Amino acid sequence: MKSAVDNWTEATRSWLFPPRCALCGAPGSDGLDLCTECRAELPFNHHCCPRCALPLPEGSGDSICGTCQKRPPLFDRCRAPWRYDYPLNHLIGHLKFRRKLPLARLLGTLLAEHVAASPLLPQLLIPVPLHSARLRERGYNQALELARPVARRLQLPVDTALCSRARPTAAQSELHLNQRRRNIRGAFRVSDRLRATHVAIVDDVVTSGHTVNEMARVLRAAGVERIEVWACARAVRQR
Ligand SMILES: [Zn+2]
Ligand SMILES: [Zn+2]
């Protein structure tokens with residue numbers, strides 16, 4: 001449910017900045033910076049592992065992927081509406097590295113629409129934190145910027161103080177897959193103020209899953225019983 005202030009803010013915004021498709025420049029639809037045609041062409045993650053949202057070949061049914069069977073993740077479920085292909089990689093790249101912050105509103109709103117039908121919503125959203133040095137360098141945390149419109153749309157609180165980086169780590173994207181787990185191990189700490197039993201970790205893209213899995217490990221140790229991961233896109237693991 002939207003408040004009167006939200007409605008007013010949205011009405012003012014669309015009057016000042018009429019929505020324009022971030023991909024083709026045509027007028028946006030539904031108040032979003034995306035046109036109907038481009039939206040219909042987004043690579044929806046239809047066939048995916050019900051546990052970790054890994055894209056699977058068509059016809060795989062509802063089967064859990066091989067990795068989850070061998071080594072189940074520490075979160076309960078990952079929801080990622082799209083595959084990390086064009087244009088998601090382009091939109092997320094611009095949000096993350098080119099300061100295109102309005103894209104967080106677009107992607108966050110679409111993510112919220114995807115998860116809104118969940119039978120049970122979490123009590124709290126926890127964006128994947130950046131280390132303070134990385135935050136200073138970038139000026140914002142894209143996971144938090146994505147979590148804000150989700151929180152607004154679903155009327156859920158976001159907390160950025162409950163989970164923080166215990167130490168700086170190399171960017172996961174710059175490492176080999178087999179180095180990623182070691183790189184992220186022990187990277188997070190959780191505040192003893194955490195009281196929620198059901199949370200959703202919010203991130204832009206899940207690739208190897210090691211980052212969100214490590215966060216789930218410390219949240220679980222702090223007493224959280226149900227942990228979801230909400231990400232805009234899920235990448236196929238590179239070999
Ligand atoms: Zn378009
Ligand atoms: Zn899986």
# chains A, B, ... in the order shown; residues from 1 in each chain; ligands from 1
>>> select_by_dssp(residues="stretch 48-237 of chain A", states="strand (DSSP E)", output="ChimeraX atom specification")
/A:77-79,82-83,124-127,163-165,188-190,198-206,226-234
>>> residues_around(residues="A:Lys100", least_positions_apart="5", cutoff="10 Å", atoms="only C-alpha atoms", output="PyMOL selection string")
chain A and resi 91-95+142
>>> write_last_selection(atoms="all heavy atoms", output="CSV table (one decimal), in the first residue's frame")
chain,number,residue,atom,x,y,z
A,91,LEU,N,22.1,-2.7,-17.7
A,91,LEU,CA,21.4,-1.9,-16.7
A,91,LEU,C,22.1,-1.9,-15.4
A,91,LEU,O,22.4,-0.9,-14.7
A,91,LEU,CB,20.0,-2.3,-16.5
A,91,LEU,CG,19.1,-2.1,-17.8
A,91,LEU,CD1,17.7,-2.8,-17.5
A,91,LEU,CD2,18.9,-0.6,-18.1
A,92,ILE,N,22.5,-3.1,-14.9
A,92,ILE,CA,23.1,-3.3,-13.6
A,92,ILE,C,24.6,-2.7,-13.7
A,92,ILE,O,25.0,-2.0,-12.7
A,92,ILE,CB,23.2,-4.8,-13.2
A,92,ILE,CG1,21.7,-5.2,-12.8
A,92,ILE,CG2,24.1,-5.0,-12.0
A,92,ILE,CD1,21.5,-6.7,-12.6
A,93,GLY,N,25.2,-2.9,-14.8
A,93,GLY,CA,26.6,-2.3,-14.9
A,93,GLY,C,26.5,-0.8,-14.8
A,93,GLY,O,27.4,-0.1,-14.2
A,94,HIS,N,25.5,-0.2,-15.5
A,94,HIS,CA,25.4,1.3,-15.4
A,94,HIS,C,25.0,1.8,-14.0
A,94,HIS,O,25.5,2.8,-13.6
A,94,HIS,CB,24.4,1.8,-16.4
A,94,HIS,CG,25.0,1.9,-17.8
A,94,HIS,ND1,25.4,0.9,-18.5
A,94,HIS,CD2,25.2,3.0,-18.6
A,94,HIS,CE1,25.9,1.3,-19.7
A,94,HIS,NE2,25.8,2.6,-19.7
A,95,LEU,N,24.2,1.0,-13.3
A,95,LEU,CA,23.8,1.4,-12.0
A,95,LEU,C,25.1,1.3,-11.1
A,95,LEU,O,25.3,2.2,-10.3
A,95,LEU,CB,22.7,0.4,-11.4
A,95,LEU,CG,22.5,0.4,-9.9
A,95,LEU,CD1,22.1,1.8,-9.4
A,95,LEU,CD2,21.5,-0.7,-9.5
A,142,GLN,N,25.0,0.0,-4.3
A,142,GLN,CA,23.9,-0.3,-5.3
A,142,GLN,C,22.8,-1.3,-4.7
A,142,GLN,O,21.7,-1.2,-5.0
A,142,GLN,CB,24.4,-0.9,-6.6
A,142,GLN,CG,24.9,-2.3,-6.6
A,142,GLN,CD,26.3,-2.4,-6.0
A,142,GLN,OE1,27.0,-1.4,-5.6
A,142,GLN,NE2,26.8,-3.7,-5.8
>>> atom_distance(atom1="atom CA of A:His90", atom2="atom CA of A:Thr109")
17.3 Å
>>> residues_around(residues="A:Thr197", least_positions_apart="2", cutoff="10 Å", atoms="only C-alpha atoms", output="tab-separated table (two decimals) with all heavy atoms, in the first residue's frame")
chain	number	residue	atom	x	y	z
A	122	PRO	N	9.29	-11.31	4.24
A	122	PRO	CA	10.23	-11.24	5.36
A	122	PRO	C	9.92	-10.05	6.27
A	122	PRO	O	9.17	-9.15	5.88
A	122	PRO	CB	11.58	-11.06	4.68
A	122	PRO	CG	11.26	-10.47	3.35
A	122	PRO	CD	9.92	-11.00	2.96
A	123	GLN	N	10.49	-10.07	7.45
A	123	GLN	CA	10.27	-8.96	8.39
A	123	GLN	C	11.20	-7.80	8.07
A	123	GLN	O	10.99	-6.68	8.53
A	123	GLN	CB	10.58	-9.44	9.82
A	123	GLN	CG	9.66	-10.53	10.30
A	123	GLN	CD	10.35	-11.38	11.37
A	123	GLN	OE1	11.41	-11.95	11.15
A	123	GLN	NE2	9.74	-11.45	12.54
A	124	LEU	N	12.25	-8.10	7.31
A	124	LEU	CA	13.33	-7.13	7.17
A	124	LEU	C	14.11	-7.38	5.88
A	124	LEU	O	14.30	-8.53	5.49
A	124	LEU	CB	14.26	-7.36	8.37
A	124	LEU	CG	15.43	-6.46	8.63
A	124	LEU	CD1	14.92	-5.07	8.99
A	124	LEU	CD2	16.25	-7.01	9.79
A	194	LEU	N	20.14	-7.76	16.12
A	194	LEU	CA	19.27	-8.46	15.18
A	194	LEU	C	18.24	-9.31	15.92
A	194	LEU	O	18.59	-10.18	16.70
A	194	LEU	CB	20.11	-9.34	14.25
A	194	LEU	CG	19.34	-10.16	13.21
A	194	LEU	CD1	18.62	-9.26	12.23
A	194	LEU	CD2	20.28	-11.09	12.46
A	195	ARG	N	16.95	-9.04	15.64
A	195	ARG	CA	15.87	-9.79	16.30
A	195	ARG	C	15.01	-10.57	15.31
A	195	ARG	O	14.22	-11.40	15.71
A	195	ARG	CB	14.95	-8.83	17.07
A	195	ARG	CG	15.62	-8.09	18.22
A	195	ARG	CD	15.83	-9.00	19.44
A	195	ARG	NE	16.59	-8.29	20.46
A	195	ARG	CZ	17.90	-8.29	20.55
A	195	ARG	NH1	18.62	-8.99	19.68
A	195	ARG	NH2	18.54	-7.61	21.48
A	199	VAL	N	14.33	-12.94	7.08
A	199	VAL	CA	14.89	-11.77	6.39
A	199	VAL	C	15.10	-12.08	4.90
A	199	VAL	O	15.16	-13.25	4.51
A	199	VAL	CB	16.24	-11.30	7.00
A	199	VAL	CG1	16.14	-11.07	8.49
A	199	VAL	CG2	17.37	-12.29	6.69
A	219	LEU	N	24.05	-14.83	9.36
A	219	LEU	CA	22.68	-14.52	9.80
A	219	LEU	C	22.07	-15.73	10.51
A	219	LEU	O	21.41	-15.61	11.53
A	219	LEU	CB	21.81	-14.12	8.61
A	219	LEU	CG	22.14	-12.75	7.98
A	219	LEU	CD1	21.45	-12.59	6.63
A	219	LEU	CD2	21.72	-11.62	8.92
A	220	ARG	N	22.32	-16.91	9.95
A	220	ARG	CA	21.82	-18.15	10.53
A	220	ARG	C	22.43	-18.33	11.93
A	220	ARG	O	21.72	-18.64	12.89
A	220	ARG	CB	22.23	-19.30	9.60
A	220	ARG	CG	21.66	-20.63	9.87
A	220	ARG	CD	20.25	-20.83	9.41
A	220	ARG	NE	20.03	-20.91	7.98
A	220	ARG	CZ	18.83	-20.78	7.42
A	220	ARG	NH1	17.76	-20.58	8.16
A	220	ARG	NH2	18.67	-20.84	6.12
A	222	ALA	N	23.32	-16.10	13.85
A	222	ALA	CA	22.76	-15.08	14.75
A	222	ALA	C	21.29	-15.37	15.07
A	222	ALA	O	20.62	-14.56	15.71
A	222	ALA	CB	22.90	-13.70	14.10
A	223	GLY	N	20.77	-16.50	14.58
A	223	GLY	CA	19.42	-16.91	14.98
A	223	GLY	C	18.33	-16.68	13.96
A	223	GLY	O	17.16	-16.93	14.25
A	224	VAL	N	18.68	-16.20	12.75
A	224	VAL	CA	17.63	-16.02	11.73
A	224	VAL	C	17.22	-17.40	11.21
A	224	VAL	O	18.07	-18.22	10.87
A	224	VAL	CB	18.12	-15.12	10.57
A	224	VAL	CG1	17.00	-14.90	9.57
A	224	VAL	CG2	18.64	-13.80	11.10
A	225	GLU	N	15.91	-17.64	11.16
A	225	GLU	CA	15.44	-18.98	10.79
A	225	GLU	C	15.18	-19.13	9.30
A	225	GLU	O	15.45	-20.16	8.72
A	225	GLU	CB	14.16	-19.32	11.56
A	225	GLU	CG	14.45	-19.61	13.02
A	225	GLU	CD	13.22	-19.43	13.90
A	225	GLU	OE1	12.09	-19.44	13.37
A	225	GLU	OE2	13.41	-19.27	15.12
A	226	ARG	N	14.62	-18.07	8.70
A	226	ARG	CA	14.34	-18.15	7.26
A	226	ARG	C	15.06	-17.02	6.53
A	226	ARG	O	14.90	-15.84	6.88
A	226	ARG	CB	12.84	-18.10	7.01
A	226	ARG	CG	12.53	-18.22	5.54
A	226	ARG	CD	11.12	-18.61	5.19
A	226	ARG	NE	10.97	-18.59	3.73
A	226	ARG	CZ	11.28	-19.60	2.91
A	226	ARG	NH1	11.73	-20.72	3.40
A	226	ARG	NH2	11.13	-19.48	1.60
A	227	ILE	N	15.87	-17.40	5.56
A	227	ILE	CA	16.68	-16.43	4.83
A	227	ILE	C	16.42	-16.58	3.34
A	227	ILE	O	16.64	-17.64	2.76
A	227	ILE	CB	18.19	-16.64	5.11
A	227	ILE	CG1	18.47	-16.54	6.61
A	227	ILE	CG2	19.03	-15.63	4.33
A	227	ILE	CD1	19.83	-17.08	7.03
>>> closest_atom_pairs(of="chain A", to="ligand 1", cutoff="12 Å", atoms="only C-alpha atoms and all ligand atoms", output="CSV")
residue,atom,partner,partner_atom_place_in_ligand_line,distance
A:Pro19,CA,ligand 1,1 (Zn),10.8
A:Arg20,CA,ligand 1,1 (Zn),8.0
A:Cys21,CA,ligand 1,1 (Zn),4.6
A:Ala22,CA,ligand 1,1 (Zn),6.7
A:Leu23,CA,ligand 1,1 (Zn),5.0
A:Cys24,CA,ligand 1,1 (Zn),4.1
A:Gly25,CA,ligand 1,1 (Zn),6.0
A:Ala26,CA,ligand 1,1 (Zn),5.4
A:Pro27,CA,ligand 1,1 (Zn),7.6
A:Gly28,CA,ligand 1,1 (Zn),7.3
A:Ser29,CA,ligand 1,1 (Zn),9.3
A:Leu32,CA,ligand 1,1 (Zn),10.6
A:Asp33,CA,ligand 1,1 (Zn),8.4
A:Leu34,CA,ligand 1,1 (Zn),5.5
A:Cys35,CA,ligand 1,1 (Zn),4.3
A:Thr36,CA,ligand 1,1 (Zn),6.8
A:Glu37,CA,ligand 1,1 (Zn),5.9
A:Cys38,CA,ligand 1,1 (Zn),4.3
A:Arg39,CA,ligand 1,1 (Zn),7.1
A:Ala40,CA,ligand 1,1 (Zn),9.5
A:Glu41,CA,ligand 1,1 (Zn),9.4
A:Leu42,CA,ligand 1,1 (Zn),10.4
A:Pro87,CA,ligand 1,1 (Zn),10.8
>>> write_last_selection(atoms="N, CA and C atoms", output="PDB file, in the first residue's frame")
ATOM      1  N   PRO A  19       8.394   9.379 -17.529  1.00  0.00           N
ATOM      2  CA  PRO A  19       9.221   8.183 -17.693  1.00  0.00           C
ATOM      3  C   PRO A  19       9.633   7.949 -19.144  1.00  0.00           C
ATOM      4  N   ARG A  20      10.914   7.612 -19.302  1.00  0.00           N
ATOM      5  CA  ARG A  20      11.491   7.325 -20.627  1.00  0.00           C
ATOM      6  C   ARG A  20      12.159   5.981 -20.539  1.00  0.00           C
ATOM      7  N   CYS A  21      12.002   5.175 -21.526  1.00  0.00           N
ATOM      8  CA  CYS A  21      12.605   3.845 -21.508  1.00  0.00           C
ATOM      9  C   CYS A  21      14.127   3.965 -21.445  1.00  0.00           C
ATOM     10  N   ALA A  22      14.718   3.324 -20.445  1.00  0.00           N
ATOM     11  CA  ALA A  22      16.177   3.375 -20.256  1.00  0.00           C
ATOM     12  C   ALA A  22      16.908   2.633 -21.367  1.00  0.00           C
ATOM     13  N   LEU A  23      16.177   1.840 -22.151  1.00  0.00           N
ATOM     14  CA  LEU A  23      16.839   1.049 -23.193  1.00  0.00           C
ATOM     15  C   LEU A  23      16.688   1.651 -24.584  1.00  0.00           C
ATOM     16  N   CYS A  24      15.481   2.180 -24.899  1.00  0.00           N
ATOM     17  CA  CYS A  24      15.290   2.659 -26.282  1.00  0.00           C
ATOM     18  C   CYS A  24      14.854   4.116 -26.344  1.00  0.00           C
ATOM     19  N   GLY A  25      14.565   4.730 -25.198  1.00  0.00           N
ATOM     20  CA  GLY A  25      14.211   6.152 -25.204  1.00  0.00           C
ATOM     21  C   GLY A  25      12.742   6.431 -25.488  1.00  0.00           C
ATOM     22  N   ALA A  26      11.947   5.404 -25.790  1.00  0.00           N
ATOM     23  CA  ALA A  26      10.505   5.595 -26.015  1.00  0.00           C
ATOM     24  C   ALA A  26       9.832   5.964 -24.688  1.00  0.00           C
ATOM     25  N   PRO A  27       8.604   6.520 -24.717  1.00  0.00           N
ATOM     26  CA  PRO A  27       7.934   6.819 -23.448  1.00  0.00           C
ATOM     27  C   PRO A  27       7.799   5.554 -22.594  1.00  0.00           C
ATOM     28  N   GLY A  28       8.040   5.717 -21.298  1.00  0.00           N
ATOM     29  CA  GLY A  28       7.940   4.570 -20.395  1.00  0.00           C
ATOM     30  C   GLY A  28       6.489   4.198 -20.161  1.00  0.00           C
ATOM     31  N   SER A  29       6.261   3.024 -19.591  1.00  0.00           N
ATOM     32  CA  SER A  29       4.878   2.669 -19.269  1.00  0.00           C
ATOM     33  C   SER A  29       4.786   2.283 -17.796  1.00  0.00           C
ATOM     34  N   LEU A  32       7.220   3.653 -15.194  1.00  0.00           N
ATOM     35  CA  LEU A  32       8.595   3.158 -15.109  1.00  0.00           C
ATOM     36  C   LEU A  32       9.413   3.624 -16.309  1.00  0.00           C
ATOM     37  N   ASP A  33      10.733   3.692 -16.100  1.00  0.00           N
ATOM     38  CA  ASP A  33      11.620   4.067 -17.196  1.00  0.00           C
ATOM     39  C   ASP A  33      11.889   2.853 -18.094  1.00  0.00           C
ATOM     40  N   LEU A  34      10.820   2.272 -18.597  1.00  0.00           N
ATOM     41  CA  LEU A  34      10.913   1.094 -19.460  1.00  0.00           C
ATOM     42  C   LEU A  34       9.639   1.060 -20.304  1.00  0.00           C
ATOM     43  N   CYS A  35       9.781   0.808 -21.616  1.00  0.00           N
ATOM     44  CA  CYS A  35       8.570   0.752 -22.452  1.00  0.00           C
ATOM     45  C   CYS A  35       8.040  -0.686 -22.461  1.00  0.00           C
ATOM     46  N   THR A  36       6.807  -0.827 -22.908  1.00  0.00           N
ATOM     47  CA  THR A  36       6.156  -2.141 -22.893  1.00  0.00           C
ATOM     48  C   THR A  36       6.938  -3.158 -23.730  1.00  0.00           C
ATOM     49  N   GLU A  37       7.435  -2.707 -24.906  1.00  0.00           N
ATOM     50  CA  GLU A  37       8.137  -3.630 -25.808  1.00  0.00           C
ATOM     51  C   GLU A  37       9.422  -4.129 -25.161  1.00  0.00           C
ATOM     52  N   CYS A  38      10.217  -3.199 -24.618  1.00  0.00           N
ATOM     53  CA  CYS A  38      11.493  -3.616 -24.011  1.00  0.00           C
ATOM     54  C   CYS A  38      11.236  -4.491 -22.785  1.00  0.00           C
ATOM     55  N   ARG A  39      10.193  -4.170 -22.049  1.00  0.00           N
ATOM     56  CA  ARG A  39       9.886  -4.976 -20.868  1.00  0.00           C
ATOM     57  C   ARG A  39       9.554  -6.409 -21.260  1.00  0.00           C
ATOM     58  N   ALA A  40       8.799  -6.556 -22.346  1.00  0.00           N
ATOM     59  CA  ALA A  40       8.402  -7.902 -22.792  1.00  0.00           C
ATOM     60  C   ALA A  40       9.614  -8.726 -23.234  1.00  0.00           C
ATOM     61  N   GLU A  41      10.698  -8.021 -23.586  1.00  0.00           N
ATOM     62  CA  GLU A  41      11.869  -8.751 -24.080  1.00  0.00           C
ATOM     63  C   GLU A  41      12.916  -9.043 -23.013  1.00  0.00           C
ATOM     64  N   LEU A  42      12.673  -8.624 -21.784  1.00  0.00           N
ATOM     65  CA  LEU A  42      13.659  -8.909 -20.723  1.00  0.00           C
ATOM     66  C   LEU A  42      13.804 -10.430 -20.577  1.00  0.00           C
ATOM     67  N   PRO A  87      19.359  -7.152 -21.487  1.00  0.00           N
ATOM     68  CA  PRO A  87      19.970  -5.887 -21.073  1.00  0.00           C
ATOM     69  C   PRO A  87      20.230  -5.778 -19.572  1.00  0.00           C
TER      70      PRO A  87
END
>>> residues_near_ligand(ligand="ligand 2", cutoff="8 Å", atoms="only C-alpha atoms and all ligand atoms", output="PyMOL selection string")
chain A and resi 48-54+64-69+72-73
>>> atom_distance(atom1="atom CA of A:Cys163", atom2="atom CA of A:Glu228")
14.9 Å
>>> closest_residue(among="A:Glu174, A:Asp85, A:Glu137, A:Asp192", to="A:Leu162", atoms="only C-alpha atoms")
A:Asp192
>>> closest_residue(among="A:Asn141, A:Pro127, A:Gln172, A:Arg234", to="A:Arg99", atoms="only C-alpha atoms")
A:Asn141
>>> decode(residues="stretch 54-86 of chain A", atoms="N, CA and C atoms", output="tab-separated table (two decimals), in the first residue's frame")
chain	number	residue	atom	x	y	z
A	54	LEU	N	19.38	-20.64	-10.18
A	54	LEU	CA	20.30	-20.82	-11.30
A	54	LEU	C	19.50	-21.15	-12.56
A	55	PRO	N	19.73	-20.39	-13.67
A	55	PRO	CA	19.01	-20.70	-14.91
A	55	PRO	C	19.32	-22.13	-15.36
A	56	LEU	N	18.29	-22.87	-15.72
A	56	LEU	CA	18.45	-24.27	-16.14
A	56	LEU	C	17.89	-24.42	-17.55
A	57	PRO	N	18.33	-25.45	-18.26
A	57	PRO	CA	17.79	-25.63	-19.61
A	57	PRO	C	16.28	-25.87	-19.57
A	58	GLU	N	15.62	-25.45	-20.64
A	58	GLU	CA	14.18	-25.64	-20.74
A	58	GLU	C	13.85	-27.12	-20.59
A	59	GLY	N	12.76	-27.42	-19.91
A	59	GLY	CA	12.37	-28.82	-19.76
A	59	GLY	C	12.98	-29.49	-18.54
A	60	SER	N	13.71	-28.71	-17.70
A	60	SER	CA	14.31	-29.32	-16.50
A	60	SER	C	13.27	-29.47	-15.39
A	61	GLY	N	12.05	-28.97	-15.63
A	61	GLY	CA	11.00	-29.07	-14.62
A	61	GLY	C	11.35	-28.28	-13.38
A	62	ASP	N	10.95	-28.81	-12.25
A	62	ASP	CA	11.17	-28.10	-10.99
A	62	ASP	C	12.35	-28.67	-10.23
A	63	SER	N	13.29	-29.30	-10.95
A	63	SER	CA	14.35	-30.00	-10.23
A	63	SER	C	15.40	-29.04	-9.67
A	64	ILE	N	15.89	-29.41	-8.49
A	64	ILE	CA	16.96	-28.66	-7.83
A	64	ILE	C	18.24	-28.89	-8.64
A	65	CYS	N	19.06	-27.83	-8.80
A	65	CYS	CA	20.27	-27.97	-9.62
A	65	CYS	C	21.29	-28.89	-8.94
A	66	GLY	N	22.25	-29.38	-9.72
A	66	GLY	CA	23.25	-30.32	-9.22
A	66	GLY	C	24.04	-29.75	-8.05
A	67	THR	N	24.38	-28.45	-8.13
A	67	THR	CA	25.18	-27.84	-7.06
A	67	THR	C	24.39	-27.83	-5.75
A	68	CYS	N	23.10	-27.47	-5.83
A	68	CYS	CA	22.29	-27.43	-4.60
A	68	CYS	C	22.08	-28.83	-4.03
A	69	GLN	N	22.05	-29.84	-4.94
A	69	GLN	CA	21.90	-31.21	-4.44
A	69	GLN	C	23.14	-31.66	-3.69
A	70	LYS	N	24.30	-31.29	-4.24
A	70	LYS	CA	25.56	-31.71	-3.62
A	70	LYS	C	25.86	-30.92	-2.37
A	71	ARG	N	25.60	-29.62	-2.46
A	71	ARG	CA	25.99	-28.72	-1.39
A	71	ARG	C	24.89	-27.66	-1.24
A	72	PRO	N	23.82	-27.97	-0.49
A	72	PRO	CA	22.70	-27.02	-0.41
A	72	PRO	C	23.17	-25.68	0.15
A	73	PRO	N	22.68	-24.58	-0.40
A	73	PRO	CA	23.09	-23.27	0.11
A	73	PRO	C	22.55	-23.04	1.53
A	74	LEU	N	23.09	-22.06	2.21
A	74	LEU	CA	22.68	-21.79	3.59
A	74	LEU	C	21.47	-20.87	3.65
A	75	PHE	N	21.07	-20.33	2.49
A	75	PHE	CA	19.82	-19.57	2.45
A	75	PHE	C	18.72	-20.55	2.02
A	76	ASP	N	17.46	-20.16	2.28
A	76	ASP	CA	16.36	-21.07	1.96
A	76	ASP	C	15.97	-21.01	0.49
A	77	ARG	N	16.03	-19.78	-0.06
A	77	ARG	CA	15.56	-19.64	-1.42
A	77	ARG	C	16.09	-18.35	-2.03
A	78	CYS	N	16.51	-18.43	-3.28
A	78	CYS	CA	16.91	-17.22	-3.99
A	78	CYS	C	15.85	-16.93	-5.04
A	79	ARG	N	15.42	-15.68	-5.11
A	79	ARG	CA	14.47	-15.28	-6.15
A	79	ARG	C	15.15	-14.24	-7.02
A	80	ALA	N	15.22	-14.51	-8.30
A	80	ALA	CA	15.87	-13.61	-9.26
A	80	ALA	C	15.04	-13.62	-10.52
A	81	PRO	N	14.29	-12.54	-10.80
A	81	PRO	CA	13.36	-12.57	-11.93
A	81	PRO	C	14.01	-12.73	-13.30
A	82	TRP	N	15.28	-12.26	-13.47
A	82	TRP	CA	15.88	-12.33	-14.81
A	82	TRP	C	17.21	-13.04	-14.82
A	83	ARG	N	17.57	-13.52	-16.00
A	83	ARG	CA	18.91	-14.03	-16.22
A	83	ARG	C	19.83	-12.83	-16.45
A	84	TYR	N	21.08	-13.00	-16.05
A	84	TYR	CA	22.05	-11.91	-16.19
A	84	TYR	C	22.58	-11.86	-17.62
A	85	ASP	N	21.70	-11.57	-18.55
A	85	ASP	CA	22.06	-11.41	-19.96
A	85	ASP	C	21.68	-9.98	-20.33
A	86	TYR	N	21.93	-9.60	-21.60
A	86	TYR	CA	21.50	-8.30	-22.04
A	86	TYR	C	19.97	-8.23	-21.94
